[in-house]
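Novice: Dropping the structure in here first, questions after.
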Amino acid sequence: RLINTSRRKMRLKHLKTLMSPTDGAFRITAVAFSPNSVKLAVATFDRVVHLFDENGEKRDKFACKPAEKEYGKESFQVSSLAFSPDSTTLAVGQTDNIVFLYKLGEGWTEKKSIINKFFQDSAVTCLVWPVQQPALIIGLADGKVRAASVKAKRTHTIYNTDQYVCSLAASPNGKGIISGHGDNSIVRYFFDDEGTGAVQGQIAKHSCEPYALCWGSSIVAAGCDRKVVMYGDDGKVIQQFDYSREADEKDFMCAVASPTGQSVVMGSFNRLRVYNFSPRRGVWDEAKSKDIPNLYTITALAWKKDGSRVAAGSLCGSIELFDCALKRSVYQNKFEMTYVGLSQVIVKNLTSGTRINLRSHYGYEIDNVRIMGRDRYLVAFTTDTLLLGDLISCKLSEVAWMNSGGNEKFFFENDSVCMVFNAGELTLIEYGLSDILGTVRTENMNPHQISVRINERKQLGVADNKKLAYLVDLKTVAIVDLVIGTTVAVVNHDVKVDWLELNETGRKLLFRDKQLRLHLFDIPGESKATILNYCTYVQWVPLSDVVVAQSRSQLCVWYNIDSPEQVTTFPMKGDIVDIERNEGRTDVMVNEGVGTVSYTLDEGLIEFRTAIEDGDYIRAVVFLETLELSPETESMWRTLSELSLKAKQILVAERCYAAVGDVAKARYLREVNKIASYVAAETGRDGTDHFMVRAKLAILNKEFKLAESIFMEQGRVNEAMEMYQELHMWDESIGVAEAAGHPELETLKSSYFQHLMDTSQEERAGELREGQGDYMGAINLYMKAGLPARAARVALEHSELTGVSDVMERIAAALMKAGLFEKAGEMFERVRMHQKAFEAYRKGKVYRRARDVARGTFPNEVVNLEEEWGDHLASQKQWDKAIEHFIEAGRSVKAIEAAIQSKQWNKAIQIVEMQEDSVAVRYFRQIAQHFASINDYEAAERYYVKAGVLKDAVDMYVGVNMWEQAHKLAVGCMKPEDVATLYISKAQDMESEGKYREAERLYVIVNEPDLAINMYKTIKQYDNMIRLVAVHHKDLLTDTHLHLAKEMEAEGQQRQAEHHYCEAGDWRAAVNMYRAADMWEESYRVAKSHGGASAAKQVAYLWAKSLGGESAVKLLTKFGLLDAAVDYAADNSSFDFAFELARAALRNKLPEIHLKYAMYLEDEGKFAEAESEFIKANKPKEAVLMYVHGQDWNSAQRVAEEYDPSSVADVLVGQARVAFERKDYQAAESFLLRAHRPELAVKFYKVSYHEQAMVNCWGWSRRTFY
């Protein structure tokens, strides 16, 4: 099933040039791939960093900055680049003693920014950022190797060699680094040696400066001596490749190891050398090198983190991208597998393009990769491990595995765990974990008899829940807790079990036996119950503890499985096939034979009850968040808030109150949560037990006395008092102070009033004074609080104050200032200041009361007041109310406009018609427009006419396509040529819009039917064209039909052409058209329909003649015209066709045809041919007569003697007659005597010569008798 499986050594294949080289030196100073393999960073000689995407396309670039601006942009070079482990940050090392950290982000749209700067004491020579390490490692020219902490924003020295750091490299696992120095030394440092006890510090002394240094399966170093040396963990040389004697080899400038560490690429002048490590043999092998002519020194190398690409930079500024692969294979034409290392394979889905990186973390060689389980799961073996992967979740596992000869059986029914059967042993491997989850002995490999649940539902107080249920034997079920590796329950049954499944929490087990009885086992309580006596289908509803089962024609649902006797049943037809749950809906799919029907379950009972039963209030919140707020869901939120408060899950309660819009409680609970969190952080205990939290929760429940008692138990009298004060329950606060004998009770009482004053609560203070009977003080406080209305109320309610005019005037003035004009007017009225009351009412727009005052005191102001009142209402868009006031004020124009604005058109018409024409004409047009808008066009026309704007009426009718009415008006107000131009223009517009009927109407209205005819002709609507011609040009109708018929015939539209030919009365043209097109059936049909039987026979004859042979005979026989056709052919001189038909079917007609043919030839003067045809017709006598008629006596004599001896005498008689006519009596007598007809001679003589006749007669008689 694998294609192209032959192994090859690592090879480099050139893919593309990312940056073209320059004509001179333009050094690529650094290259780096991001750990997520999405970005490639390239630093060039001009201090610019270029960014490429995973396909090698340039996406961005930015110029680097100097450490100090005053030194200029050319004062440094970029020496190294390194990406952070999360691929979002790029470190740029520079020779001006600084490292910049650039925030690039995960995508390409995020803005770049410098997030950190690390100043150093000397030039930065190299950088490395190991995976799984938070620190950036910096190599300096002064020999120091330093670590930069991004979070702490500081650097510290790891070690110092006082020798120039020429190279840095990290181990494949990122837990160690090595550095090369100017004194040829190689130094190793571990962040975590993982208990190996490996040596740190200088481990080797290379033969030259190790500029090319990397750390893979071995430490590999090279330099100017052209030797590649592999060092072991102890620093000893384990292998060496010497190229010093090869003349075409140059210095090694850089090196890079593959992500697995099993391949190394070395870069020299124009060559890339590749080395592969063989784990089985423990040696390095050199692969074929990659020579690149004219590259001129490789200055930088980087290996993509998925192992598939190598990028190389050169001295001349080019960036070359190479593909790396040991081998490639295609699996089932669906997946491409690229072996980028012995222990690393990239699996690519050829359909979707997605990739997954399969890698052995132990460095073992991967032998074989298979795709299994609906093309979703990866299975691969190494010599000592088994690798599994989920292509959807991208979770990979590698577990120790002994070679069993490939006898394993894999089951992938569970999305979280792979079940492997081998030699009676079941092994469970959870995706994403590199340890075996559990192993049990069983001989039952049916996945329906094994159930695994891996953290599928969160439970309160349970962090890790992994359960397995399997058959020990056919009647025994064991339940294993995979977290602790022990059996928690065993179920012994008396009948074989054929199906079982745990619920998602692992607390319930459903199983069915061979007798189709369904049982429920409660694992914590170890109790078993039979819940259904006959079961053909059963399943847990996903993400719940609800059970759905089928018992014959009943659908059974247990919403509360803890009470199995409470079952909900539905009658149904068919069989359950599946349970679908998505988008807040659960459907049971039932196959009813002809189709699938869904039964919807109560989602609220399923989800909410399950979460509540689990005590998983967070899950309940998640579920409720998916539902729209409704009375039912709001009730659920409130129920959950109460339960969560009882369970002291204050965060959940806060969310619940926020969901129902109770912002106050949500904010309050947030403060309570802060207190609980603080107490928990300080004391390490449950913060919800703190007295302050309990008291605040009591306050939330409005149990103020309980909260007070909690405070008082703790001796927190002040907190209790403050609680009441915050709730503005000053009486209760004072009561607490009195009960506790608080020393500052009186101060509290007096300070309450002072508090009100200090906090500018004069209103509340005024209420206190009013309650104490100090009305004047209350008025002063109300006035101070800016509440003159309340001050006026107090003054008006107490008659003793109304006589104090200065108080009343002061209140009134304050009311005026506050804009409370009505109240001020009322105060002025009370003290009989009518002028000021009128002005206050008028200013406050209280026109009704102002009018009442004016009628009694200022009657002359009433009219002006009415107009002002109307203007005010109009400004407030209360046009309908303003009308009456304008009428009262005698302002008819304003009344009309108000009526129009309020859409009271009838009232507007009434007022307008009462006005003079000079006034009314201004409004008729608006009234007409109103009637036009409500489609009352007759009334609209009437008022347009009154307004003298007939053109508007025409436009109105045109706009609604009432062209006749428009034309009627237009004739009266427009020139005929203008009307025609208008209508033709409108018609052309409609024609362009495809409204051809409307355009026709317009053309006809202005007596331009020819334009309509041409329009229909242009768009090939010939029926409409003919219709118009028949009406407007009846004399041209026939010619039009013929013209259209010929056009359609030329276009190949024979059926339409036939119609027009027939309409023109020229059906013969239609027949000929079909004949010319070889459409004989249509031709026959037309001839028969329009020409009758005779014409049909002629067409049938011509049709048969065109066919010839047996086809013609069959056709004529079909129509019953064979005899007639033969006769017709013979009569019309088509003798060949007549003979053809006769020979094929009517051989008895041949003599007749020969006779007619002979007569035809005789008429044509072809006597010899005619003679032949007469003979063939068995009519030799006719041939004789032919010759006799032509006086060809010899031929006549010959034919008569040969074919018809009885005709010989006739020939002789004929000759005799001719001789008599020539007066050759002797010859005539001879012919007649030979014919034995002497009596004819007497007759002939008798006619001409009587006497001679008698003599001859006597002589002939004598010769006869004697």
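Each chain of the structure tokens is named A, B, ... in the order shown, its residues numbered from 1; ligands are numbered from 1 in display order.
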Any chance you could list, as a ChimeraX atom specification, the residues in range 164-318 of chain A that come up strand (DSSP E or B) when DSSP is run on the backbone?

Specialist: /A:165-170,176-181,185-190,201-205,212-215,219-222,227-231,237-242,254-257,263-267,271-278,283-286,290-291,298-303,309-314

Novice: Extract, using only C-alpha atoms, all DNA, RNA and protein residues at most 9 Å from Ala169 in chain A, discarding same-chain residues fewer than 5 positions from it, and format them as a ChimeraX atom specification.

Specialist: /A:127-128,130,176-180,213-215,256

Novice: Keeping only C-alpha atoms, write the selected residues as a tab-separated table (two decimals), in the first residue's frame.

Specialist:
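Done, and the output landed in result_27.tsv:
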chain	number	residue	atom	x	y	z
A	127	LEU	CA	22.60	34.41	19.36
A	128	VAL	CA	20.65	31.27	20.14
A	130	PRO	CA	16.80	27.30	22.86
A	176	GLY	CA	21.94	22.73	26.72
A	177	ILE	CA	24.18	24.96	24.61
A	178	ILE	CA	27.71	24.83	23.20
A	179	SER	CA	29.96	27.69	22.19
A	180	GLY	CA	33.02	27.91	19.96
A	213	LEU	CA	29.48	24.47	14.98
A	214	CYS	CA	26.24	22.57	15.64
A	215	TRP	CA	24.87	20.07	18.13
A	256	VAL	CA	23.32	23.75	10.96

Novice: How many Å separate CA of Leu781 in chain A from CA of Lys843 in chain A?

Specialist: 26.9 Å

Novice: Identify, on the basis of only C-alpha atoms, every residue whose closest approach to range 924-929 of chain A does not exceed 10 Å; exclude the query and any residue fewer than 3 positions from it along the same chain; express the result as number ranges by chain.

Specialist: A: 900, 903, 905-906, 908-909, 912-913, 919-921, 932-949, 952-953, 956

Novice: Given the selection you just returned, output its residues as a file containing C-alpha atoms, formatted as a PDB file, in the first residue's frame.

Specialist:
ATOM      1  CA  ILE A 900     -51.356  70.657   5.156  1.00  0.00           C
ATOM      2  CA  LYS A 903     -52.222  65.944   6.616  1.00  0.00           C
ATOM      3  CA  TRP A 905     -56.472  67.750   3.718  1.00  0.00           C
ATOM      4  CA  ASN A 906     -60.220  68.090   3.945  1.00  0.00           C
ATOM      5  CA  ALA A 908     -57.151  72.473   4.310  1.00  0.00           C
ATOM      6  CA  ILE A 909     -59.448  72.337   1.255  1.00  0.00           C
ATOM      7  CA  VAL A 912     -58.448  77.244   0.918  1.00  0.00           C
ATOM      8  CA  GLU A 913     -61.743  77.364  -0.952  1.00  0.00           C
ATOM      9  CA  VAL A 919     -54.171  83.054  -2.064  1.00  0.00           C
ATOM     10  CA  ALA A 920     -55.798  79.749  -2.932  1.00  0.00           C
ATOM     11  CA  VAL A 921     -53.810  79.113  -6.122  1.00  0.00           C
ATOM     12  CA  ALA A 932     -51.701  62.056  -6.560  1.00  0.00           C
ATOM     13  CA  SER A 933     -49.811  60.385  -3.708  1.00  0.00           C
ATOM     14  CA  ILE A 934     -52.976  58.549  -2.609  1.00  0.00           C
ATOM     15  CA  ASN A 935     -53.738  57.553  -6.237  1.00  0.00           C
ATOM     16  CA  ASP A 936     -56.816  59.794  -6.515  1.00  0.00           C
ATOM     17  CA  TYR A 937     -55.687  61.051  -9.927  1.00  0.00           C
ATOM     18  CA  GLU A 938     -59.011  62.577 -10.932  1.00  0.00           C
ATOM     19  CA  ALA A 939     -59.028  64.900  -7.912  1.00  0.00           C
ATOM     20  CA  ALA A 940     -55.337  65.594  -8.405  1.00  0.00           C
ATOM     21  CA  GLU A 941     -56.000  66.604 -12.027  1.00  0.00           C
ATOM     22  CA  ARG A 942     -58.801  68.903 -10.915  1.00  0.00           C
ATOM     23  CA  TYR A 943     -56.553  70.797  -8.487  1.00  0.00           C
ATOM     24  CA  TYR A 944     -53.615  70.873 -10.914  1.00  0.00           C
ATOM     25  CA  VAL A 945     -55.958  72.528 -13.377  1.00  0.00           C
ATOM     26  CA  LYS A 946     -57.066  74.996 -10.706  1.00  0.00           C
ATOM     27  CA  ALA A 947     -53.439  75.714  -9.937  1.00  0.00           C
ATOM     28  CA  GLY A 948     -52.816  76.296 -13.637  1.00  0.00           C
ATOM     29  CA  VAL A 949     -50.040  73.680 -13.831  1.00  0.00           C
ATOM     30  CA  ASP A 952     -47.601  68.694 -13.615  1.00  0.00           C
ATOM     31  CA  ALA A 953     -50.822  66.799 -14.267  1.00  0.00           C
ATOM     32  CA  MET A 956     -48.366  62.705 -12.955  1.00  0.00           C
TER      33      MET A 956
END

Novice: Restricting the calculation to only C-alpha atoms, which member of A:Asp121, A:Asp306, A:Asp880, A:Glu54 is positioned closest to Cys324 in chain A?

Specialist: A:Asp306
